[in-house]
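The data block below is my_file04.cif; it holds mmCIF, C-alpha atoms.
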data_start
#
loop_
_atom_site.label_atom_id
_atom_site.label_comp_id
_atom_site.auth_asym_id
_atom_site.auth_seq_id
_atom_site.Cartn_x
_atom_site.Cartn_y
_atom_site.Cartn_z
CA MET A 610 0.00 0.00 0.00
CA ASN A 611 1.30 3.43 -0.88
CA LEU A 612 2.01 5.99 1.79
CA SER A 613 -0.41 8.87 2.27
CA ILE A 614 1.65 12.02 1.79
CA PRO A 615 0.36 15.17 3.49
CA PRO A 616 -0.78 17.93 1.10
CA ARG A 617 1.56 20.61 2.40
CA ASP A 618 4.64 21.12 4.48
CA PRO A 619 5.15 24.51 6.11
CA PRO A 620 8.34 26.51 5.54
CA ILE A 621 11.21 25.76 7.87
CA VAL A 622 10.77 28.49 10.47
CA ASP A 623 14.21 28.09 12.00
CA PRO A 624 16.61 27.69 9.07
CA PRO A 625 18.92 26.23 8.02
CA ILE A 626 16.94 23.12 7.16
CA ARG A 627 18.34 20.03 8.89
CA LEU A 628 19.07 17.21 6.44
CA ALA A 629 19.78 13.51 6.73
CA VAL A 630 21.53 12.08 3.67
CA LEU A 631 21.02 8.34 3.13
CA LEU A 632 23.47 6.56 0.83
CA SER A 633 24.77 3.16 -0.18
CA GLY A 634 27.77 3.89 -2.39
CA THR A 635 30.07 6.53 -3.84
CA GLY A 636 28.59 9.57 -2.16
CA ARG A 637 28.69 11.81 -5.25
CA THR A 638 25.34 13.38 -4.41
CA LEU A 639 26.46 13.96 -0.81
CA GLU A 640 29.61 15.59 -2.16
CA ASN A 641 27.53 17.93 -4.30
CA LEU A 642 25.29 18.93 -1.40
CA ILE A 643 28.34 19.66 0.74
CA ARG A 644 29.68 21.94 -2.01
CA GLU A 645 26.35 23.72 -2.44
CA ILE A 646 26.10 24.39 1.29
CA ALA A 647 29.72 25.58 1.54
CA ALA A 648 29.19 27.95 -1.40
CA GLY A 649 26.13 29.48 0.25
CA ARG A 650 23.78 28.36 -2.51
CA LEU A 651 21.87 25.99 -0.23
CA ARG A 652 20.95 27.07 3.28
CA ALA A 653 21.05 23.70 4.95
CA GLU A 654 22.89 21.66 7.54
CA ILE A 655 23.65 17.96 7.10
CA VAL A 656 23.13 16.58 10.60
CA LEU A 657 23.32 12.89 9.69
CA VAL A 658 24.76 10.68 6.98
CA ALA A 659 23.33 7.16 7.17
CA ALA A 660 24.82 4.34 5.08
CA SER A 661 23.18 1.00 4.37
CA ARG A 662 26.58 -0.62 3.69
CA PRO A 663 29.87 -0.36 5.58
CA GLY A 664 33.09 0.63 3.85
CA VAL A 665 31.59 2.68 1.02
CA ARG A 666 33.19 5.87 -0.29
CA GLY A 667 30.24 7.96 0.86
CA ILE A 668 31.26 7.29 4.46
CA GLU A 669 34.77 8.54 3.70
CA ILE A 670 33.37 11.74 2.21
CA ALA A 671 31.20 12.31 5.28
CA ASN A 672 34.12 11.67 7.64
CA GLU A 673 36.38 14.06 5.71
CA ALA A 674 33.69 16.73 5.98
CA GLY A 675 33.27 16.12 9.73
CA LEU A 676 29.67 14.98 9.38
CA PRO A 677 27.99 12.58 11.82
CA VAL A 678 27.76 9.08 10.33
CA ALA A 679 25.57 6.11 11.19
CA VAL A 680 26.01 2.75 9.47
CA VAL A 681 22.81 0.71 9.40
CA PRO A 682 23.69 -2.42 7.37
CA ARG A 683 20.66 -3.73 5.52
CA ARG A 684 21.93 -7.32 5.77
CA GLN A 685 21.70 -7.28 9.54
CA PHE A 686 17.93 -6.83 9.48
CA GLY A 687 15.47 -9.53 8.56
CA SER A 688 12.74 -7.34 7.11
CA VAL A 689 12.23 -4.01 5.40
CA GLU A 690 10.10 -2.89 8.33
CA VAL A 691 12.72 -3.56 11.00
CA PHE A 692 15.48 -2.03 8.87
CA SER A 693 13.38 1.08 8.23
CA GLN A 694 12.65 1.46 11.92
CA ALA A 695 16.39 1.38 12.67
CA VAL A 696 17.08 4.02 10.02
CA PHE A 697 14.35 6.37 11.20
CA ASP A 698 15.36 5.92 14.84
CA GLN A 699 18.68 7.50 13.81
CA VAL A 700 16.87 10.25 11.89
CA ARG A 701 14.57 11.17 14.76
CA ALA A 702 17.40 11.20 17.29
CA VAL A 703 19.02 14.22 15.63
CA GLY A 704 15.88 16.18 14.73
CA VAL A 705 15.95 15.92 10.94
CA ASP A 706 13.60 18.13 8.92
CA LEU A 707 14.06 16.40 5.56
CA VAL A 708 15.55 13.05 4.54
CA VAL A 709 17.27 12.96 1.14
CA LEU A 710 18.14 9.66 -0.52
CA ALA A 711 21.45 9.90 -2.35
CA GLY A 712 22.09 6.61 -4.11
CA PHE A 713 20.33 4.69 -1.34
CA MET A 714 19.77 1.19 -2.71
CA SER A 715 17.50 -0.29 -0.04
CA LEU A 716 13.73 -0.09 0.04
CA LEU A 717 12.31 1.86 2.97
CA ARG A 718 8.96 1.89 4.71
CA ILE A 719 8.31 5.55 5.44
CA PRO A 720 6.72 6.13 8.87
CA GLN A 721 3.77 8.48 8.97
CA ASP A 722 5.68 11.16 10.88
CA TYR A 723 8.08 11.40 7.91
CA ALA A 724 5.48 11.15 5.15
CA GLY A 725 6.20 13.97 2.71
CA ARG A 726 9.58 14.52 4.35
CA VAL A 727 11.66 12.07 2.30
CA MET A 728 12.99 12.85 -1.20
CA ASN A 729 14.82 10.82 -3.80
CA ILE A 730 16.60 11.66 -7.05
CA HIS A 731 16.53 9.19 -9.93
CA PRO A 732 18.71 9.39 -13.07
CA ALA A 733 15.86 9.13 -15.58
CA LEU A 734 12.53 10.76 -16.39
CA LEU A 735 10.13 8.86 -14.18
CA PRO A 736 7.81 7.03 -14.48
CA ALA A 737 9.96 5.62 -17.30
CA PHE A 738 13.07 3.57 -16.48
CA GLY A 739 12.40 3.22 -12.78
CA GLY A 740 11.61 0.48 -10.30
CA LYS A 741 13.46 -2.32 -8.54
CA GLY A 742 16.85 -3.03 -10.11
CA CYS A 743 16.78 0.10 -12.26
CA PHE A 744 19.64 2.13 -10.80
CA GLY A 745 22.98 3.59 -11.84
CA HIS A 746 24.30 2.40 -15.17
CA HIS A 747 21.40 -0.03 -15.54
CA VAL A 748 19.18 3.02 -16.07
CA HIS A 749 21.36 4.60 -18.75
CA GLU A 750 21.84 1.29 -20.54
CA ALA A 751 18.06 0.82 -20.63
CA VAL A 752 17.46 4.35 -21.93
CA LEU A 753 19.93 3.87 -24.79
CA ALA A 754 18.65 0.38 -25.61
CA ALA A 755 15.10 1.77 -25.88
CA GLY A 756 16.18 4.32 -28.47
CA ALA A 757 14.95 7.24 -26.38
CA THR A 758 15.65 10.73 -27.70
CA GLU A 759 16.05 12.29 -24.27
CA SER A 760 16.72 11.43 -20.66
CA GLY A 761 17.25 13.40 -17.49
CA CYS A 762 16.64 13.22 -13.77
CA THR A 763 13.64 13.28 -11.47
CA VAL A 764 13.30 14.47 -7.87
CA HIS A 765 10.26 13.03 -6.14
CA PHE A 766 8.76 12.46 -2.73
CA VAL A 767 9.26 8.90 -1.55
CA ASP A 768 6.50 6.47 -0.72
CA ASN A 769 6.77 2.75 -0.04
CA VAL A 770 7.49 1.70 -3.66
CA TYR A 771 10.79 1.90 -5.57
CA ASP A 772 11.08 5.14 -7.61
CA HIS A 773 7.48 6.07 -6.92
CA GLY A 774 5.76 9.03 -5.33
CA PRO A 775 4.75 12.55 -6.40
CA ILE A 776 7.25 14.14 -8.79
CA ILE A 777 8.67 17.47 -7.62
CA LEU A 778 10.74 18.45 -10.64
CA GLN A 779 12.59 17.05 -13.64
CA ARG A 780 15.51 18.23 -15.74
CA ARG A 781 16.04 16.93 -19.27
CA VAL A 782 19.05 16.20 -21.46
CA PRO A 783 19.16 15.11 -25.12
CA ILE A 784 20.51 11.76 -26.22
CA GLU A 785 23.45 12.56 -28.48
CA PRO A 786 24.89 10.49 -31.35
CA GLY A 787 27.48 8.05 -30.08
CA ASP A 788 26.31 8.26 -26.47
CA THR A 789 27.43 5.50 -24.13
CA PRO A 790 26.06 4.78 -20.65
CA ASP A 791 29.08 6.67 -19.27
CA THR A 792 28.63 9.82 -21.37
CA LEU A 793 24.90 9.88 -20.74
CA ALA A 794 25.42 9.33 -17.00
CA ALA A 795 27.82 12.28 -16.83
CA ARG A 796 25.38 14.59 -18.62
CA VAL A 797 22.48 13.51 -16.41
CA PHE A 798 24.53 13.88 -13.22
CA ARG A 799 25.30 17.52 -14.08
CA GLU A 800 21.55 18.13 -14.05
CA GLU A 801 21.14 16.18 -10.81
CA CYS A 802 23.62 18.57 -9.19
CA GLN A 803 21.23 21.43 -9.95
CA ALA A 804 17.92 19.68 -9.43
CA TYR A 805 18.37 18.26 -5.93
CA PRO A 806 19.47 21.49 -4.22
CA GLU A 807 16.63 23.30 -6.00
CA ALA A 808 14.05 20.82 -4.70
CA ILE A 809 15.43 21.08 -1.16
CA ARG A 810 15.23 24.89 -1.31
CA LEU A 811 11.63 24.75 -2.52
CA TYR A 812 10.73 22.40 0.32
CA ALA A 813 12.45 24.58 2.92
CA GLU A 814 10.55 27.62 1.64
CA GLY A 815 7.20 25.83 1.93
CA LYS A 816 6.57 26.09 -1.82
CA LEU A 817 5.73 22.43 -2.50
CA HIS A 818 2.08 21.39 -2.35
CA VAL A 819 1.12 17.74 -2.78
CA ASP A 820 -2.27 17.21 -4.38
CA GLY A 821 -2.86 13.48 -4.77
CA ASP A 822 -0.08 12.18 -7.01
CA ARG A 823 0.99 15.64 -8.17
CA VAL A 824 3.15 18.41 -6.70
CA ARG A 825 2.32 22.07 -7.27
CA ILE A 826 5.08 24.64 -6.85
CA ASP A 827 4.27 28.19 -5.69
#

Can the structure in the file be given as structure tokens, please?
Amino acid sequence: MNLSIPPRDPPIVDPPIRLAVLLSGTGRTLENLIREIAAGRLRAEIVLVAASRPGVRGIEIANEAGLPVAVVPRRQFGSVEVFSQAVFDQVRAVGVDLVVLAGFMSLLRIPQDYAGRVMNIHPALLPAFGGKGCFGHHVHEAVLAAGATESGCTVHFVDNVYDHGPIILQRRVPIEPGDTPDTLAARVFREECQAYPEAIRLYAEGKLHVDGDRVRID
């Protein structure tokens, strides 16, 4: 059953917005958010980095930046529900306003107190090329194999289904002659670096309104 996402979140009245970044791998999205915050383009504070796997580069990036890290290994938990509870126990403990998934490869069950407070970015134009197993280079390979003329990225609110939930914004890129999964991935990631901070800013300013399966932006 899908999660019921509240229609509106108020602006963050005591900025900067407090973020938890959830990751499972290289940490490139975390790295971008750190840069955006340091440059003053995103008024936010990363108060938690939670990893679903030990030993990944994203943990190194967080440690180098002096960010608090929690490792919650998916393999240690027998069910999605118990794993999700462990993750959100960490989130609640530090007073997170918004959870952002940054290459987080494990399915989550979103508790009602964080409904509409969890975002994800996907390297394709959802609802196309999404779902279980459609991540990273698998996405770009599928886009090229389908003969698509464009791709891009999607930021969306997270419900209890892979790559599902109301879409906040999308950015598009053309498919160019001779594209490979690597060249397409690089072009899409440049757009991701703009899209995710923009979506976080809109949320913090209270400009996102969820109406059923759609998001309106003030």

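In this structure, atom CA of Gln694 of chain A sits 17.2 Å away from atom CA of Ser633 of chain A.
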
List the residues matched by the PyMOL selection byres ((chain A and resi 707-722) around 6) in the displayed structure as an mmCIF file with C-alpha atoms, in the frame of the given file, ordered by chain and then by residue number.
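After the write, result_2.cif holds the following:
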data_model
loop_
_atom_site.group_PDB
_atom_site.id
_atom_site.type_symbol
_atom_site.label_atom_id
_atom_site.label_comp_id
_atom_site.auth_asym_id
_atom_site.auth_seq_id
_atom_site.Cartn_x
_atom_site.Cartn_y
_atom_site.Cartn_z
ATOM 1 C CA LEU A 628 19.070 17.210 6.440
ATOM 2 C CA ALA A 629 19.780 13.510 6.730
ATOM 3 C CA VAL A 630 21.530 12.080 3.670
ATOM 4 C CA LEU A 631 21.020 8.340 3.130
ATOM 5 C CA LEU A 632 23.470 6.560 0.830
ATOM 6 C CA SER A 633 24.770 3.160 -0.180
ATOM 7 C CA THR A 638 25.340 13.380 -4.410
ATOM 8 C CA SER A 693 13.380 1.080 8.230
ATOM 9 C CA VAL A 705 15.950 15.920 10.940
ATOM 10 C CA ASP A 706 13.600 18.130 8.920
ATOM 11 C CA TYR A 723 8.080 11.400 7.910
ATOM 12 C CA ALA A 724 5.480 11.150 5.150
ATOM 13 C CA ARG A 726 9.580 14.520 4.350
ATOM 14 C CA VAL A 727 11.660 12.070 2.300
ATOM 15 C CA MET A 728 12.990 12.850 -1.200
ATOM 16 C CA ASN A 729 14.820 10.820 -3.800
ATOM 17 C CA ASN A 769 6.770 2.750 -0.040
#

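The residue that comes closest to Glu801 of chain A, out of A:Ile777, A:Val696, A:Ala660, A:Cys762 and on the basis of only C-alpha atoms, is A:Cys762.
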
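Picture a line from atom CA of Leu735 of chain A to atom CA of Pro775 of chain A; it runs 10.2 Å.
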
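Nearest-residue note for Phe798 of chain A: choosing from A:Val767, A:Ala737, A:Ser760, A:Leu676, the minimum distance belongs to A:Ser760, counting all atoms listed in the file.
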
- Message: Can you tell me which residues surround His765 of chain A at a distance of at most 12 Å, considering all atoms listed in the file, apart from same-chain residues fewer than 3 positions away, and format the answer as a ChimeraX atom specification?
- Response: /A:614,708-710,725-736,762,768,770-779,804-805,808-809,812,817,819,822-824

Closest atom pairs, residues of segment 784-812 of chain A within 8 Å of segment 641-654 of chain A, all atoms listed in the file, as CSV:
residue,atom,partner,partner_atom,distance
A:Cys802,CA,A:Asn641,CA,6.3
A:Pro806,CA,A:Leu651,CA,6.5
A:Arg810,CA,A:Leu651,CA,6.8

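The spacing separating atom CA of Val691 of chain A from atom CA of Ala679 of chain A amounts to 16.1 Å.
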
- Message: Going by the chain IDs and residue numbers used in this file, which residues fall under the PyMOL selection byres ((chain A and resi 662) around 8)? Write them as an NGL selection string.
- Response: :A and (633-634 or 660-661 or 663-665 or 680-683)

- Task: Compare A:Gly821, A:Gly687, A:Gly740, A:Pro677 by their minimum atom-to-atom distance to Val700 of chain A, counting all atoms listed in the file, and give me the closest one.
- Result: A:Pro677

Let me know the residues the PyMOL selection byres ((chain A and resi 782-792) around 8) catches in the file above, as a short mmCIF file (atom, residue, chain, number, x, y, z; two decimals) with C-alpha atoms, in the coordinates of the input.
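Dumped everything to part24.cif:
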data_model
loop_
_atom_site.label_atom_id
_atom_site.label_comp_id
_atom_site.auth_asym_id
_atom_site.auth_seq_id
_atom_site.Cartn_x
_atom_site.Cartn_y
_atom_site.Cartn_z
CA HIS A 746 24.30 2.40 -15.17
CA HIS A 749 21.36 4.60 -18.75
CA GLU A 750 21.84 1.29 -20.54
CA LEU A 753 19.93 3.87 -24.79
CA ALA A 757 14.95 7.24 -26.38
CA THR A 758 15.65 10.73 -27.70
CA GLU A 759 16.05 12.29 -24.27
CA SER A 760 16.72 11.43 -20.66
CA GLY A 761 17.25 13.40 -17.49
CA ARG A 780 15.51 18.23 -15.74
CA ARG A 781 16.04 16.93 -19.27
CA LEU A 793 24.90 9.88 -20.74
CA ALA A 794 25.42 9.33 -17.00
CA ALA A 795 27.82 12.28 -16.83
CA ARG A 796 25.38 14.59 -18.62
CA VAL A 797 22.48 13.51 -16.41
#

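Shortest separation to Asp698 of chain A among A:Ala659, A:Asn672, A:Gly667, A:His818 occurs at residue A:Ala659, atoms counted being only C-alpha atoms.
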
- Selected residue of minimal separation from Ile670 of chain A among A:Val689, A:Val764, A:Leu639, A:Ala751, counting all atoms listed in the file: A:Leu639
